[in-house]
Amino acid sequence: MLTGTLPTLTRDDAKALIEANGGKVAGSVSRKTDFVVAGAEAGSKLDKARELGVIILDERQLGELLES
């Protein structure tokens, strides 16, 4: 799940990277969501992720996760 504006990646690029590494990008947050990648000006999806206790990553952390 992606929300907000990432510093260096477009949403399409971030989605492609996640999918190329075996992940799926959902359109909404639920208890089944593993993590949310949040950028600047993230809104209600970020709030929902926090409510549900979903792990929140920034672009740097996403890169680190994909490299491991």
# chains A, B, ... in the order shown; residues from 1 in each chain; ligands from 1
>>> select_by_dssp(residues="stretch 18-60 of chain A", states="alpha helix (DSSP H)", output="PyMOL selection string")
chain A and resi 18-20+44-52+59-60
>>> residues_around(residues="A:Lys15", least_positions_apart="4", cutoff="8 Å", atoms="only C-alpha atoms", output="list in words")
Leu2, Arg11, Glu19 and Val25 of chain A
>>> residues_around(residues="A:Leu6", least_positions_apart="6", cutoff="8 Å", atoms="only C-alpha atoms", output="list in words")
Ala38, Gly39, Ala40, Asp58 and Glu59 of chain A
>>> select_by_dssp(residues="chain A", states="strand (DSSP E or B)", output="ChimeraX atom specification")
/A:2-3,5,35-38,40,55-57
>>> residues_around(residues="A:Leu62", least_positions_apart="6", cutoff="12 Å", atoms="only C-alpha atoms", output="PyMOL selection string")
chain A and resi 1-2+6+9+14-15+17-18+21+23+35-39+55-56+68
>>> write_last_selection(atoms="C-alpha atoms", output="mmCIF file, in the first residue's frame")
data_model
loop_
_atom_site.group_PDB
_atom_site.id
_atom_site.type_symbol
_atom_site.label_atom_id
_atom_site.label_comp_id
_atom_site.auth_asym_id
_atom_site.auth_seq_id
_atom_site.Cartn_x
_atom_site.Cartn_y
_atom_site.Cartn_z
ATOM 1 C CA MET A 1 0.000 0.000 0.000
ATOM 2 C CA LEU A 2 1.343 3.405 -0.999
ATOM 3 C CA LEU A 6 7.595 9.789 -2.222
ATOM 4 C CA LEU A 9 9.943 7.492 -6.826
ATOM 5 C CA ALA A 14 7.354 2.175 -6.394
ATOM 6 C CA LYS A 15 4.532 -0.196 -7.284
ATOM 7 C CA LEU A 17 9.553 -2.316 -7.589
ATOM 8 C CA ILE A 18 7.303 -3.895 -4.979
ATOM 9 C CA ASN A 21 10.047 -8.351 -5.634
ATOM 10 C CA GLY A 23 4.761 -8.017 -3.270
ATOM 11 C CA PHE A 35 3.029 -2.510 5.583
ATOM 12 C CA VAL A 36 2.274 0.943 4.227
ATOM 13 C CA VAL A 37 4.844 3.047 2.391
ATOM 14 C CA ALA A 38 4.088 6.648 3.328
ATOM 15 C CA GLY A 39 5.442 9.821 1.807
ATOM 16 C CA ILE A 55 4.006 -1.179 9.923
ATOM 17 C CA ILE A 56 4.722 2.167 8.243
ATOM 18 C CA SER A 68 17.489 -7.611 1.827
#
>>> residues_around(residues="A:Gly53", least_positions_apart="6", cutoff="10 Å", atoms="only C-alpha atoms", output="PyMOL selection string")
chain A and resi 30-31+33-35+47
>>> write_last_selection(atoms="all heavy atoms", output="tab-separated table (two decimals), in the first residue's frame")
chain	number	residue	atom	x	y	z
A	30	SER	N	-6.04	-2.57	5.41
A	30	SER	CA	-6.85	-3.46	6.24
A	30	SER	C	-5.94	-4.18	7.22
A	30	SER	O	-4.72	-4.01	7.18
A	30	SER	CB	-7.59	-4.48	5.36
A	30	SER	OG	-6.68	-5.47	4.89
A	31	ARG	N	-6.51	-4.99	8.07
A	31	ARG	CA	-5.70	-5.76	9.02
A	31	ARG	C	-4.77	-6.73	8.31
A	31	ARG	O	-3.78	-7.18	8.88
A	31	ARG	CB	-6.60	-6.52	9.98
A	31	ARG	CG	-7.37	-5.60	10.91
A	31	ARG	CD	-8.03	-6.38	12.04
A	31	ARG	NE	-8.93	-5.53	12.78
A	31	ARG	CZ	-8.55	-4.66	13.70
A	31	ARG	NH1	-7.29	-4.50	13.95
A	31	ARG	NH2	-9.44	-3.93	14.34
A	33	THR	N	-3.01	-5.97	5.70
A	33	THR	CA	-1.91	-5.21	5.11
A	33	THR	C	-0.63	-5.45	5.90
A	33	THR	O	-0.63	-5.31	7.12
A	33	THR	CB	-2.24	-3.70	5.10
A	33	THR	OG1	-3.47	-3.50	4.39
A	33	THR	CG2	-1.14	-2.89	4.44
A	34	ASP	N	0.45	-5.82	5.21
A	34	ASP	CA	1.73	-6.06	5.89
A	34	ASP	C	2.42	-4.76	6.24
A	34	ASP	O	2.98	-4.63	7.33
A	34	ASP	CB	2.66	-6.90	5.01
A	34	ASP	CG	2.13	-8.32	4.84
A	34	ASP	OD1	1.64	-8.89	5.83
A	34	ASP	OD2	2.22	-8.85	3.72
A	35	PHE	N	2.44	-3.81	5.30
A	35	PHE	CA	3.03	-2.51	5.58
A	35	PHE	C	2.51	-1.46	4.63
A	35	PHE	O	1.97	-1.77	3.57
A	35	PHE	CB	4.57	-2.55	5.58
A	35	PHE	CG	5.17	-2.98	4.26
A	35	PHE	CD1	5.39	-2.06	3.25
A	35	PHE	CD2	5.54	-4.29	4.05
A	35	PHE	CE1	5.96	-2.44	2.05
A	35	PHE	CE2	6.10	-4.68	2.85
A	35	PHE	CZ	6.31	-3.75	1.84
A	47	ASP	N	-3.48	7.37	8.52
A	47	ASP	CA	-4.21	7.35	9.79
A	47	ASP	C	-4.80	5.98	10.06
A	47	ASP	O	-4.71	5.45	11.17
A	47	ASP	CB	-5.33	8.40	9.79
A	47	ASP	CG	-4.81	9.83	9.71
A	47	ASP	OD1	-3.64	10.06	10.10
A	47	ASP	OD2	-5.57	10.70	9.26
>>> closest_residue(among="A:Leu57, A:Thr5, A:Leu52, A:Glu64", to="A:Lys32", atoms="only C-alpha atoms")
A:Leu52
>>> atom_distance(atom1="atom CA of A:Leu46", atom2="atom CA of A:Thr3")
7.0 Å
